[in-house]
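Containing PDB, C-alpha atoms: input12.pdb.
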ATOM      1  CA  MET A   1     -57.923  20.120 -72.193
ATOM      2  CA  GLY A   2     -56.794  17.030 -70.331
ATOM      3  CA  GLY A   3     -54.261  14.266 -70.661
ATOM      4  CA  THR A   4     -55.793  12.065 -73.360
ATOM      5  CA  ALA A   5     -58.886  12.277 -75.547
ATOM      6  CA  GLY A   6     -62.050  10.947 -74.003
ATOM      7  CA  CYS A   7     -60.766  10.930 -70.425
ATOM      8  CA  GLY A   8     -62.577  14.108 -69.427
ATOM      9  CA  VAL A   9     -59.468  15.313 -67.610
ATOM     10  CA  GLN A  10     -59.170  19.076 -67.271
ATOM     11  CA  ALA A  11     -55.751  19.631 -65.740
ATOM     12  CA  ALA A  12     -52.603  18.230 -64.122
ATOM     13  CA  MET A  13     -51.313  18.515 -60.578
ATOM     14  CA  ALA A  14     -47.961  20.320 -60.485
ATOM     15  CA  ILE A  15     -45.323  20.263 -57.727
ATOM     16  CA  ASP A  16     -42.512  22.818 -57.965
ATOM     17  CA  ILE A  17     -39.697  22.383 -55.423
ATOM     18  CA  ARG A  18     -37.000  25.052 -55.578
ATOM     19  CA  GLU A  19     -35.388  27.965 -53.751
ATOM     20  CA  ASP A  20     -36.808  27.670 -50.212
ATOM     21  CA  ARG A  21     -40.355  26.499 -50.877
ATOM     22  CA  VAL A  22     -42.653  23.850 -52.307
ATOM     23  CA  LYS A  23     -45.500  25.058 -54.522
ATOM     24  CA  MET A  24     -48.337  22.822 -55.599
ATOM     25  CA  GLY A  25     -50.936  23.739 -58.143
ATOM     26  CA  ILE A  26     -53.616  22.652 -60.552
ATOM     27  CA  VAL A  27     -52.617  23.752 -64.052
ATOM     28  CA  SER A  28     -54.604  23.505 -67.266
ATOM     29  CA  ARG A  29     -53.113  22.155 -70.453
ATOM     30  CA  GLU A  30     -53.223  25.727 -71.752
ATOM     31  CA  GLY A  31     -50.762  26.739 -69.027
ATOM     32  CA  ASN A  32     -53.160  28.483 -66.650
ATOM     33  CA  VAL A  33     -52.632  28.043 -62.912
ATOM     34  CA  LEU A  34     -56.132  27.395 -61.566
ATOM     35  CA  PHE A  35     -55.297  26.865 -57.914
ATOM     36  CA  SER A  36     -52.084  26.789 -55.886
ATOM     37  CA  ARG A  37     -50.694  26.507 -52.384
ATOM     38  CA  ARG A  38     -47.238  27.126 -50.930
ATOM     39  CA  TYR A  39     -45.422  25.042 -48.311
ATOM     40  CA  PRO A  40     -41.964  25.303 -46.688
ATOM     41  CA  TRP A  41     -39.161  23.110 -48.028
ATOM     42  CA  GLU A  42     -37.920  20.892 -45.203
ATOM     43  CA  THR A  43     -34.138  20.588 -45.682
ATOM     44  CA  SER A  44     -32.919  19.222 -42.337
ATOM     45  CA  SER A  45     -32.727  15.657 -43.688
ATOM     46  CA  VAL A  46     -33.886  13.519 -46.613
ATOM     47  CA  ALA A  47     -36.328  11.619 -44.396
ATOM     48  CA  GLY A  48     -37.690  14.888 -43.015
ATOM     49  CA  PHE A  49     -38.156  16.262 -46.516
ATOM     50  CA  LEU A  50     -40.008  13.190 -47.736
ATOM     51  CA  ASP A  51     -42.264  13.020 -44.672
ATOM     52  CA  ALA A  52     -43.150  16.702 -45.013
ATOM     53  CA  LEU A  53     -43.762  16.351 -48.748
ATOM     54  CA  VAL A  54     -46.237  13.507 -48.252
ATOM     55  CA  LEU A  55     -48.129  15.545 -45.655
ATOM     56  CA  ASP A  56     -48.168  18.577 -47.954
ATOM     57  CA  ILE A  57     -49.518  16.464 -50.822
ATOM     58  CA  GLU A  58     -52.284  15.122 -48.581
ATOM     59  CA  ASP A  59     -53.199  18.658 -47.498
ATOM     60  CA  PHE A  60     -53.187  19.970 -51.060
ATOM     61  CA  GLN A  61     -55.308  17.125 -52.411
ATOM     62  CA  ARG A  62     -57.877  17.668 -49.648
ATOM     63  CA  GLN A  63     -58.183  21.308 -50.669
ATOM     64  CA  ALA A  64     -58.394  20.515 -54.390
ATOM     65  CA  GLU A  65     -60.733  17.525 -54.062
ATOM     66  CA  GLY A  66     -63.971  17.823 -55.987
ATOM     67  CA  ARG A  67     -62.952  21.039 -57.731
ATOM     68  CA  TRP A  68     -60.794  19.723 -60.614
ATOM     69  CA  GLU A  69     -60.138  16.413 -62.299
ATOM     70  CA  TYR A  70     -56.583  15.364 -63.117
ATOM     71  CA  ASP A  71     -54.971  12.035 -63.878
ATOM     72  CA  ARG A  72     -51.276  12.899 -63.696
ATOM     73  CA  VAL A  73     -48.658  14.779 -61.682
ATOM     74  CA  GLY A  74     -45.651  16.776 -62.879
ATOM     75  CA  VAL A  75     -42.727  17.558 -60.584
ATOM     76  CA  SER A  76     -40.083  20.263 -60.897
ATOM     77  CA  MET A  77     -37.199  19.429 -58.556
ATOM     78  CA  GLY A  78     -33.934  21.214 -57.820
ATOM     79  CA  GLY A  79     -30.821  19.069 -58.240
ATOM     80  CA  TRP A  80     -29.694  16.249 -60.512
ATOM     81  CA  ILE A  81     -32.617  14.228 -61.853
ATOM     82  CA  ASP A  82     -32.760  10.985 -63.828
ATOM     83  CA  ARG A  83     -36.098  11.742 -65.447
ATOM     84  CA  GLU A  84     -36.409   8.381 -67.196
ATOM     85  CA  ALA A  85     -35.898   6.371 -63.990
ATOM     86  CA  GLY A  86     -37.679   8.961 -61.867
ATOM     87  CA  MET A  87     -34.722   9.186 -59.492
ATOM     88  CA  TRP A  88     -33.509  12.208 -57.548
ATOM     89  CA  LEU A  89     -29.755  11.672 -57.775
ATOM     90  CA  TYR A  90     -28.218  14.615 -55.944
ATOM     91  CA  THR A  91     -28.781  17.963 -54.272
ATOM     92  CA  ALA A  92     -26.676  20.105 -51.979
ATOM     93  CA  LYS A  93     -29.770  21.748 -50.492
ATOM     94  CA  VAL A  94     -30.928  18.887 -48.243
ATOM     95  CA  HIS A  95     -28.619  17.985 -45.373
ATOM     96  CA  GLY A  96     -27.253  14.467 -45.406
ATOM     97  CA  PHE A  97     -28.249  13.699 -48.996
ATOM     98  CA  ALA A  98     -26.153  10.689 -50.003
ATOM     99  CA  ASP A  99     -28.129   8.017 -51.860
ATOM    100  CA  PRO A 100     -30.490   8.394 -54.854
ATOM    101  CA  VAL A 101     -34.152   8.817 -53.938
ATOM    102  CA  PRO A 102     -36.941   7.122 -55.972
ATOM    103  CA  LEU A 103     -38.938  10.338 -55.970
ATOM    104  CA  ARG A 104     -41.294   9.475 -58.817
ATOM    105  CA  TYR A 105     -42.351   6.226 -57.132
ATOM    106  CA  LEU A 106     -42.872   7.941 -53.771
ATOM    107  CA  ILE A 107     -44.999  10.717 -55.286
ATOM    108  CA  GLU A 108     -47.005   8.260 -57.372
ATOM    109  CA  ARG A 109     -47.742   6.315 -54.201
ATOM    110  CA  ALA A 110     -48.733   9.500 -52.353
ATOM    111  CA  THR A 111     -50.949  10.931 -55.112
ATOM    112  CA  GLY A 112     -52.273   7.786 -56.785
ATOM    113  CA  HIS A 113     -51.384   9.165 -60.226
ATOM    114  CA  PRO A 114     -48.627   8.647 -62.822
ATOM    115  CA  THR A 115     -45.844  11.129 -62.159
ATOM    116  CA  PHE A 116     -43.278  12.845 -64.377
ATOM    117  CA  ILE A 117     -40.198  14.506 -62.903
ATOM    118  CA  ASP A 118     -37.405  16.754 -64.172
ATOM    119  CA  ASN A 119     -34.862  19.345 -63.040
ATOM    120  CA  ASP A 120     -36.364  22.693 -62.017
ATOM    121  CA  ILE A 121     -34.525  24.864 -64.553
ATOM    122  CA  HIS A 122     -35.224  22.408 -67.359
ATOM    123  CA  VAL A 123     -38.883  22.627 -66.370
ATOM    124  CA  SER A 124     -38.876  26.459 -66.375
ATOM    125  CA  THR A 125     -37.218  26.403 -69.792
ATOM    126  CA  LEU A 126     -39.853  23.994 -71.113
ATOM    127  CA  ALA A 127     -42.554  26.341 -69.804
ATOM    128  CA  GLU A 128     -40.990  29.291 -71.636
ATOM    129  CA  ASN A 129     -40.618  27.134 -74.736
ATOM    130  CA  ARG A 130     -44.263  26.078 -74.785
ATOM    131  CA  PHE A 131     -46.029  29.162 -73.439
ATOM    132  CA  GLY A 132     -43.517  32.021 -73.485
ATOM    133  CA  ILE A 133     -40.528  33.223 -75.466
ATOM    134  CA  GLY A 134     -40.228  29.932 -77.367
ATOM    135  CA  GLN A 135     -43.466  30.672 -79.181
ATOM    136  CA  ILE A 136     -41.609  33.468 -80.975
ATOM    137  CA  TYR A 137     -37.997  32.262 -81.006
ATOM    138  CA  PRO A 138     -37.188  28.544 -81.475
ATOM    139  CA  ASN A 139     -33.550  29.180 -80.488
ATOM    140  CA  PHE A 140     -33.341  30.827 -77.078
ATOM    141  CA  THR A 141     -31.499  30.784 -73.777
ATOM    142  CA  TYR A 142     -33.266  30.955 -70.434
ATOM    143  CA  TYR A 143     -31.009  32.417 -67.706
ATOM    144  CA  HIS A 144     -32.217  31.859 -64.137
ATOM    145  CA  ILE A 145     -31.003  34.087 -61.300
ATOM    146  CA  GLY A 146     -32.264  33.113 -57.859
ATOM    147  CA  ARG A 147     -30.764  31.444 -54.827
ATOM    148  CA  GLY A 148     -28.658  29.678 -57.449
ATOM    149  CA  ILE A 149     -27.740  30.309 -61.091
ATOM    150  CA  ALA A 150     -28.576  27.985 -63.980
ATOM    151  CA  VAL A 151     -29.540  28.122 -67.643
ATOM    152  CA  GLY A 152     -31.662  26.275 -70.151
ATOM    153  CA  VAL A 153     -30.796  26.263 -73.843
ATOM    154  CA  VAL A 154     -33.345  25.518 -76.556
ATOM    155  CA  SER A 155     -32.162  24.811 -80.106
ATOM    156  CA  GLU A 156     -34.716  24.510 -82.907
ATOM    157  CA  GLY A 157     -37.438  24.046 -80.305
ATOM    158  CA  ASN A 158     -35.653  21.288 -78.381
ATOM    159  CA  LEU A 159     -34.207  21.555 -74.876
ATOM    160  CA  ILE A 160     -30.528  20.585 -74.679
ATOM    161  CA  ARG A 161     -30.245  18.157 -71.747
ATOM    162  CA  GLY A 162     -26.710  16.791 -72.036
ATOM    163  CA  ALA A 163     -25.495  13.226 -71.521
ATOM    164  CA  ALA A 164     -26.831  12.893 -67.966
ATOM    165  CA  ASN A 165     -29.699  15.443 -67.967
ATOM    166  CA  TYR A 166     -27.364  17.848 -66.145
ATOM    167  CA  ALA A 167     -26.838  20.505 -68.825
ATOM    168  CA  GLY A 168     -27.328  24.078 -67.669
ATOM    169  CA  GLU A 169     -25.708  24.029 -64.220
ATOM    170  CA  TYR A 170     -24.063  27.355 -64.999
ATOM    171  CA  GLY A 171     -23.392  28.396 -61.426
ATOM    172  CA  GLY A 172     -20.042  26.665 -61.841
ATOM    173  CA  TYR A 173     -18.859  29.294 -64.340
ATOM    174  CA  LEU A 174     -15.464  30.551 -63.128
ATOM    175  CA  TYR A 175     -14.764  34.233 -62.445
ATOM    176  CA  ASP A 176     -11.700  35.981 -61.047
ATOM    177  CA  LEU A 177     -12.625  38.346 -58.219
ATOM    178  CA  GLY A 178      -8.988  39.310 -57.787
ATOM    179  CA  GLY A 179      -7.133  39.755 -54.532
ATOM    180  CA  GLN A 180      -7.481  37.144 -51.829
ATOM    181  CA  ASP A 181     -10.852  35.954 -53.180
ATOM    182  CA  GLY A 182      -9.250  34.878 -56.477
ATOM    183  CA  VAL A 183     -11.025  32.548 -58.877
ATOM    184  CA  CYS A 184     -14.390  31.242 -57.713
ATOM    185  CA  ARG A 185     -17.659  29.888 -59.030
ATOM    186  CA  LEU A 186     -20.211  32.453 -60.230
ATOM    187  CA  GLU A 187     -22.853  31.088 -57.881
ATOM    188  CA  GLU A 188     -20.612  31.710 -54.873
ATOM    189  CA  PHE A 189     -20.953  35.498 -55.178
ATOM    190  CA  ALA A 190     -23.635  36.337 -57.784
ATOM    191  CA  SER A 191     -26.554  34.139 -56.696
ATOM    192  CA  GLY A 192     -28.945  35.198 -53.958
ATOM    193  CA  ARG A 193     -27.231  33.054 -51.334
ATOM    194  CA  GLY A 194     -23.802  33.967 -52.648
ATOM    195  CA  MET A 195     -24.335  37.738 -52.421
ATOM    196  CA  VAL A 196     -25.450  37.558 -48.808
ATOM    197  CA  ARG A 197     -22.621  35.249 -47.742
ATOM    198  CA  TRP A 198     -20.013  37.334 -49.531
ATOM    199  CA  ALA A 199     -21.301  40.554 -47.954
ATOM    200  CA  ARG A 200     -20.992  39.044 -44.479
ATOM    201  CA  SER A 201     -17.450  37.875 -45.187
ATOM    202  CA  LEU A 202     -16.473  41.487 -46.022
ATOM    203  CA  PHE A 203     -18.006  43.248 -43.013
ATOM    204  CA  GLU A 204     -14.666  43.646 -41.240
ATOM    205  CA  GLN A 205     -13.256  45.458 -44.259
ATOM    206  CA  TYR A 206     -16.317  47.733 -44.460
ATOM    207  CA  PRO A 207     -17.256  48.387 -40.808
ATOM    208  CA  HIS A 208     -19.486  51.375 -41.608
ATOM    209  CA  SER A 209     -21.503  49.764 -44.391
ATOM    210  CA  VAL A 210     -25.268  50.007 -44.123
ATOM    211  CA  LEU A 211     -25.354  46.313 -45.030
ATOM    212  CA  ARG A 212     -23.794  45.451 -41.670
ATOM    213  CA  GLN A 213     -26.606  47.287 -39.909
ATOM    214  CA  ALA A 214     -29.194  45.563 -42.112
ATOM    215  CA  ASP A 215     -27.780  42.166 -41.206
ATOM    216  CA  ARG A 216     -28.126  42.900 -37.480
ATOM    217  CA  VAL A 217     -31.898  43.280 -37.894
ATOM    218  CA  GLY A 218     -32.323  40.377 -40.308
ATOM    219  CA  ALA A 219     -32.830  42.605 -43.359
ATOM    220  CA  LEU A 220     -29.782  41.673 -45.434
ATOM    221  CA  SER A 221     -30.855  40.399 -48.854
ATOM    222  CA  PRO A 222     -29.856  40.723 -52.528
ATOM    223  CA  THR A 223     -32.551  43.375 -52.936
ATOM    224  CA  LYS A 224     -31.100  45.340 -50.014
ATOM    225  CA  ILE A 225     -27.586  45.054 -51.484
ATOM    226  CA  PHE A 226     -28.714  46.481 -54.828
ATOM    227  CA  GLU A 227     -30.726  49.249 -53.143
ATOM    228  CA  CYS A 228     -27.725  50.274 -51.045
ATOM    229  CA  ALA A 229     -25.467  50.224 -54.115
ATOM    230  CA  ALA A 230     -27.837  52.718 -55.751
ATOM    231  CA  GLU A 231     -27.260  54.915 -52.666
ATOM    232  CA  ASN A 232     -23.460  54.554 -53.018
ATOM    233  CA  ASP A 233     -22.774  52.316 -50.036
ATOM    234  CA  SER A 234     -19.173  51.241 -50.658
ATOM    235  CA  LEU A 235     -19.558  47.540 -49.817
ATOM    236  CA  ALA A 236     -22.817  47.210 -51.743
ATOM    237  CA  THR A 237     -21.282  49.004 -54.737
ATOM    238  CA  TYR A 238     -18.283  46.641 -54.723
ATOM    239  CA  ILE A 239     -20.519  43.550 -54.603
ATOM    240  CA  VAL A 240     -22.942  44.762 -57.269
ATOM    241  CA  HIS A 241     -20.073  45.683 -59.601
ATOM    242  CA  HIS A 242     -18.772  42.120 -59.522
ATOM    243  CA  VAL A 243     -22.251  40.579 -59.701
ATOM    244  CA  GLN A 244     -23.072  42.580 -62.810
ATOM    245  CA  ARG A 245     -19.697  41.944 -64.417
ATOM    246  CA  GLY A 246     -19.645  38.254 -63.503
ATOM    247  CA  ILE A 247     -23.112  37.571 -64.839
ATOM    248  CA  GLY A 248     -22.433  39.789 -67.856
ATOM    249  CA  LEU A 249     -19.296  37.890 -68.834
ATOM    250  CA  SER A 250     -21.040  34.568 -68.340
ATOM    251  CA  VAL A 251     -23.922  35.671 -70.572
ATOM    252  CA  VAL A 252     -21.649  36.889 -73.365
ATOM    253  CA  ASN A 253     -19.642  33.661 -73.314
ATOM    254  CA  LEU A 254     -22.829  31.604 -73.258
ATOM    255  CA  LEU A 255     -24.356  33.462 -76.210
ATOM    256  CA  SER A 256     -21.129  33.064 -78.166
ATOM    257  CA  PHE A 257     -21.650  29.328 -77.814
ATOM    258  CA  THR A 258     -25.426  29.054 -78.271
ATOM    259  CA  ASN A 259     -25.933  31.718 -80.977
ATOM    260  CA  SER A 260     -29.455  32.195 -79.568
ATOM    261  CA  GLU A 261     -32.113  34.426 -81.097
ATOM    262  CA  ALA A 262     -33.267  35.466 -77.626
ATOM    263  CA  ILE A 263     -32.112  35.448 -74.039
ATOM    264  CA  ALA A 264     -34.834  35.501 -71.393
ATOM    265  CA  PHE A 265     -33.916  36.207 -67.776
ATOM    266  CA  GLY A 266     -35.991  34.534 -65.099
ATOM    267  CA  GLY A 267     -35.904  33.673 -61.433
ATOM    268  CA  GLU A 268     -36.885  35.762 -58.461
ATOM    269  CA  LEU A 269     -33.738  37.943 -58.630
ATOM    270  CA  ALA A 270     -33.689  38.691 -62.354
ATOM    271  CA  GLY A 271     -35.582  41.911 -61.644
ATOM    272  CA  LEU A 272     -33.040  43.315 -59.185
ATOM    273  CA  HIS A 273     -32.696  47.105 -59.371
ATOM    274  CA  GLY A 274     -30.832  48.099 -62.532
ATOM    275  CA  LEU A 275     -29.501  44.601 -63.317
ATOM    276  CA  LEU A 276     -31.196  43.951 -66.642
ATOM    277  CA  PRO A 277     -30.228  47.289 -68.270
ATOM    278  CA  VAL A 278     -26.595  46.752 -67.260
ATOM    279  CA  LEU A 279     -26.623  43.218 -68.692
ATOM    280  CA  THR A 280     -28.201  44.493 -71.902
ATOM    281  CA  ASP A 281     -25.471  47.120 -72.303
ATOM    282  CA  PHE A 282     -22.803  44.502 -71.528
ATOM    283  CA  ILE A 283     -24.162  42.195 -74.231
ATOM    284  CA  GLU A 284     -24.332  45.061 -76.724
ATOM    285  CA  GLU A 285     -20.722  46.025 -76.025
ATOM    286  CA  HIS A 286     -19.007  42.655 -75.802
ATOM    287  CA  CYS A 287     -20.827  40.175 -78.046
ATOM    288  CA  ALA A 288     -19.223  39.482 -81.405
ATOM    289  CA  ALA A 289     -21.054  41.113 -84.307
ATOM    290  CA  PRO A 290     -22.581  37.903 -85.770
ATOM    291  CA  THR A 291     -23.777  36.831 -82.302
ATOM    292  CA  ARG A 292     -25.334  40.236 -81.631
ATOM    293  CA  ARG A 293     -27.010  40.436 -85.045
ATOM    294  CA  SER A 294     -28.641  37.054 -84.431
ATOM    295  CA  LEU A 295     -29.956  38.169 -81.039
ATOM    296  CA  ASN A 296     -33.426  39.667 -81.426
ATOM    297  CA  TYR A 297     -34.555  39.764 -77.806
ATOM    298  CA  ILE A 298     -32.876  40.573 -74.486
ATOM    299  CA  GLY A 299     -35.260  40.784 -71.558
ATOM    300  CA  SER A 300     -37.378  39.069 -68.974
ATOM    301  CA  GLY A 301     -39.107  35.769 -69.553
ATOM    302  CA  ARG A 302     -42.758  35.941 -70.594
ATOM    303  CA  LEU A 303     -44.107  33.900 -67.658
ATOM    304  CA  ASP A 304     -44.684  34.844 -64.029
ATOM    305  CA  VAL A 305     -41.555  33.769 -62.131
ATOM    306  CA  HIS A 306     -43.765  32.522 -59.305
ATOM    307  CA  GLU A 307     -45.755  30.249 -61.630
ATOM    308  CA  GLU A 308     -43.360  29.112 -64.367
ATOM    309  CA  GLY A 309     -42.191  26.082 -62.369
ATOM    310  CA  MET A 310     -45.741  24.815 -61.885
ATOM    311  CA  ILE A 311     -46.645  25.529 -65.506
ATOM    312  CA  GLY A 312     -43.607  23.636 -66.751
ATOM    313  CA  ALA A 313     -44.145  20.750 -64.329
ATOM    314  CA  ALA A 314     -47.690  20.317 -65.588
ATOM    315  CA  TRP A 315     -46.509  20.463 -69.198
ATOM    316  CA  LEU A 316     -44.086  17.623 -68.462
ATOM    317  CA  THR A 317     -47.080  15.337 -68.072
ATOM    318  CA  TRP A 318     -48.142  15.989 -71.651
ATOM    319  CA  GLU A 319     -44.809  16.688 -73.347
ATOM    320  CA  GLY A 320     -42.242  14.746 -71.360
ATOM    321  CA  GLY A 321     -41.770  11.055 -70.822
ATOM    322  CA  GLY A 322     -44.738   9.940 -72.908
ATOM    323  CA  VAL A 323     -48.433  10.075 -72.071
ATOM    324  CA  PRO A 324     -49.933   7.092 -70.259
ATOM    325  CA  PRO A 325     -53.047   5.544 -71.796
ATOM    326  CA  CYS A 326     -56.439   6.510 -70.428
ATOM    327  CA  PRO A 327     -57.249   6.161 -67.565
ATOM    328  CA  GLY A 328     -53.629   5.985 -66.381
ATOM    329  CA  ARG A 329     -51.223   3.188 -65.647
ATOM    330  CA  THR A 330     -51.712   0.853 -62.695
ATOM    331  CA  LEU A 331     -49.566   1.779 -59.736
TER     332      LEU A 331
END

Starting from the file, give its structure as structure tokens.
Amino acid sequence: MGGTAGCGVQAAMAIDIREDRVKMGIVSREGNVLFSRRYPWETSSVAGFLDALVLDIEDFQRQAEGRWEYDRVGVSMGGWIDREAGMWLYTAKVHGFADPVPLRYLIERATGHPTFIDNDIHVSTLAENRFGIGQIYPNFTYYHIGRGIAVGVVSEGNLIRGAANYAGEYGGYLYDLGGQDGVCRLEEFASGRGMVRWARSLFEQYPHSVLRQADRVGALSPTKIFECAAENDSLATYIVHHVQRGIGLSVVNLLSFTNSEAIAFGGELAGLHGLLPVLTDFIEEHCAAPTRRSLNYIGSGRLDVHEEGMIGAAWLTWEGGGVPPCPGRTL
């Protein structure tokens, strides 16, 4: 069950930092989330984030104390991560981020346990590889749609990381919206944040859109945009058309490169109303015949989108970076 034979360890502590929240959990080596808590992600400054994270860790450990044994911590972190050095190199989500942060060292000091850290989408892909779609297909693509857009590619059971552990930042895929919007990054209009921002920028052109009314009462969201498109709101329909087409084109181009056996969609927005059937039809229509014949699965990931980050973070402690000897390295 635990980290190394004879240690009597039952689980790992997992910290998943993404979207707009921090989730901490106790996860068994079999990939079961035994206990979890959710905290807000402080993004006003790097110092504010780190101070809040330490307090959250203290609170979580108090609640978990005496209930489970663990000798290691896995961390899933949005942004650019040097997993070997344990450094958080860059993120656009925390205001004022400029210099690399020794996140592994800081979390080891806060928890008292060896810590393993990696990029959040890499971690979700590793979770799917170990406990989800990868158990059936050793060549698959994980496509994450949330506040941002990113992918993980697994070839013959191995995650493709790239030269600087930055492979998969697919939100930078270029798409031509036409007109004055022109060419832009996929994430700027097809991610959760992008859809909402783009809708607001178009309110003057669509003064009678229901989305404008929703925004006034704080109810504008990607889910609301897709719901209103289904009811033929003109602005929502325009946005959803480009979201579906933009993501569809990006998927077809990606599959042409990866030649995956499966593509698994994950993230909190992958289940938006009608999105997956449209993407499936787009793949069927536009993929080259050899690519399509190789593709045996198009659908959702096999893991709970709310737990996959914690499951993958815990698995890092056994799979990634090497396993420290019992009872753990000296800090």

Residues within 8 Å of region 46-53 of chain A, all atoms listed in the file, excluding chain neighbours under 6 positions, as an mmCIF file with C-alpha atoms, in the frame of the given file:
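Now in result_37.cif:
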data_model
loop_
_atom_site.group_PDB
_atom_site.id
_atom_site.type_symbol
_atom_site.label_atom_id
_atom_site.label_comp_id
_atom_site.auth_asym_id
_atom_site.auth_seq_id
_atom_site.Cartn_x
_atom_site.Cartn_y
_atom_site.Cartn_z
ATOM 1 C CA VAL A 94 -30.928 18.887 -48.243
ATOM 2 C CA HIS A 95 -28.619 17.985 -45.373
ATOM 3 C CA GLY A 96 -27.253 14.467 -45.406
ATOM 4 C CA PHE A 97 -28.249 13.699 -48.996
#

Have a look at CA of Arg147 (chain A) and CA of Phe203 (chain A) and let me know their distance in Å, one decimal.
21.0 Å

Kindly assemble as a tab-separated table a list of the region 79-131 of chain A residues that lie within 10 Å of region 260-270 of chain A, each paired with its nearest atom pair and their distance in Å to one decimal, using all atoms listed in the file, sorted first by chain and then by ascending residue number.
residue	atom	partner	partner_atom	distance
A:Ile121	CA	A:Gly267	CA	9.4
A:Ser124	CA	A:Gly266	CA	8.7
A:Thr125	CA	A:Gly266	CA	9.5
A:Glu128	CA	A:Ala264	CA	8.7

Contacts of region 20-25 of chain A at 7 Å or less, counting all atoms listed in the file, minus same-chain residues fewer than 2 places along, as a list in words?
Met13, Ala14, Ile15, Asp16, Ile17, Arg18, Val27, Val33, Phe35, Ser36, Arg37, Arg38, Tyr39, Pro40, Trp41 and Met310 of chain A

Centre, x/y/z edge lengths, axis-aligned box for region 217-225 of chain A with 3 Å per side, as lines of an AutoDock Vina configuration file:
center_x = -30.2
center_y = 42.9
center_z = -45.4
size_x = 11.2
size_y = 11.0
size_z = 21.0

I'd like the neighbourhood of region 213-224 of chain A as JSON, numbers by chain, where a residue qualifies if any of its atoms comes within 9 Å (using all atoms listed in the file), though same-chain residues fewer than 3 positions away should be ignored.
{"A": [191, 192, 193, 195, 196, 199, 200, 208, 209, 210, 227, 228, 229, 236, 269, 272, 273]}

Could you expand the PyMOL selection byres ((chain A and resi 275-282) around 9) into the explicit residues it covers here, written as a PyMOL selection string?
chain A and resi 226+240+244-245+247-249+251-252+265+270-274+283-287+298-300

Residues within 6 Å of (-21.0, 40.6, -57.9), file coordinates, counting all atoms listed in the file: what are they? Give the list as a PDB file with C-alpha atoms, keeping the file's coordinate frame.
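Dumped everything to part01.pdb:
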ATOM      1  CA  PHE A 189     -20.953  35.498 -55.178  1.00  0.00           C
ATOM      2  CA  ALA A 190     -23.635  36.337 -57.784  1.00  0.00           C
ATOM      3  CA  ILE A 239     -20.519  43.550 -54.603  1.00  0.00           C
ATOM      4  CA  VAL A 240     -22.942  44.762 -57.269  1.00  0.00           C
ATOM      5  CA  HIS A 241     -20.073  45.683 -59.601  1.00  0.00           C
ATOM      6  CA  HIS A 242     -18.772  42.120 -59.522  1.00  0.00           C
ATOM      7  CA  VAL A 243     -22.251  40.579 -59.701  1.00  0.00           C
ATOM      8  CA  GLN A 244     -23.072  42.580 -62.810  1.00  0.00           C
TER       9      GLN A 244
END

Within 12 Å of (-42.7, 31.7, -72.2), in the coordinates the file gives, what residues turn up when you count only C-alpha atoms, written out as number ranges by chain?
A: 31, 123-138, 140-142, 262-266, 299-305, 307-309, 311-312

Any chance you could build region 52-60 of chain A out to N, CA, C and O atoms and write it as a short mmCIF file (atom, residue, chain, number, x, y, z; two decimals), in the frame of the given file?
data_model
loop_
_atom_site.label_atom_id
_atom_site.label_comp_id
_atom_site.auth_asym_id
_atom_site.auth_seq_id
_atom_site.Cartn_x
_atom_site.Cartn_y
_atom_site.Cartn_z
N ALA A 52 -42.43 15.44 -44.87
CA ALA A 52 -43.15 16.70 -45.01
C ALA A 52 -43.84 16.78 -46.36
O ALA A 52 -44.98 17.27 -46.47
N LEU A 53 -43.18 16.29 -47.41
CA LEU A 53 -43.76 16.35 -48.75
C LEU A 53 -45.04 15.53 -48.83
O LEU A 53 -46.05 15.97 -49.41
N VAL A 54 -45.04 14.35 -48.25
CA VAL A 54 -46.24 13.51 -48.25
C VAL A 54 -47.39 14.21 -47.52
O VAL A 54 -48.54 14.21 -48.00
N LEU A 55 -47.09 14.82 -46.40
CA LEU A 55 -48.13 15.54 -45.66
C LEU A 55 -48.65 16.73 -46.45
O LEU A 55 -49.86 17.01 -46.46
N ASP A 56 -47.75 17.44 -47.14
CA ASP A 56 -48.17 18.58 -47.95
C ASP A 56 -49.05 18.12 -49.11
O ASP A 56 -50.05 18.78 -49.45
N ILE A 57 -48.70 17.00 -49.73
CA ILE A 57 -49.52 16.46 -50.82
C ILE A 57 -50.91 16.11 -50.31
O ILE A 57 -51.92 16.42 -50.96
N GLU A 58 -50.98 15.48 -49.16
CA GLU A 58 -52.28 15.12 -48.58
C GLU A 58 -53.12 16.37 -48.33
O GLU A 58 -54.32 16.41 -48.63
N ASP A 59 -52.48 17.41 -47.77
CA ASP A 59 -53.20 18.66 -47.50
C ASP A 59 -53.68 19.30 -48.79
O ASP A 59 -54.84 19.75 -48.88
N PHE A 60 -52.82 19.34 -49.80
CA PHE A 60 -53.19 19.97 -51.06
C PHE A 60 -54.34 19.22 -51.73
O PHE A 60 -55.29 19.84 -52.22
#
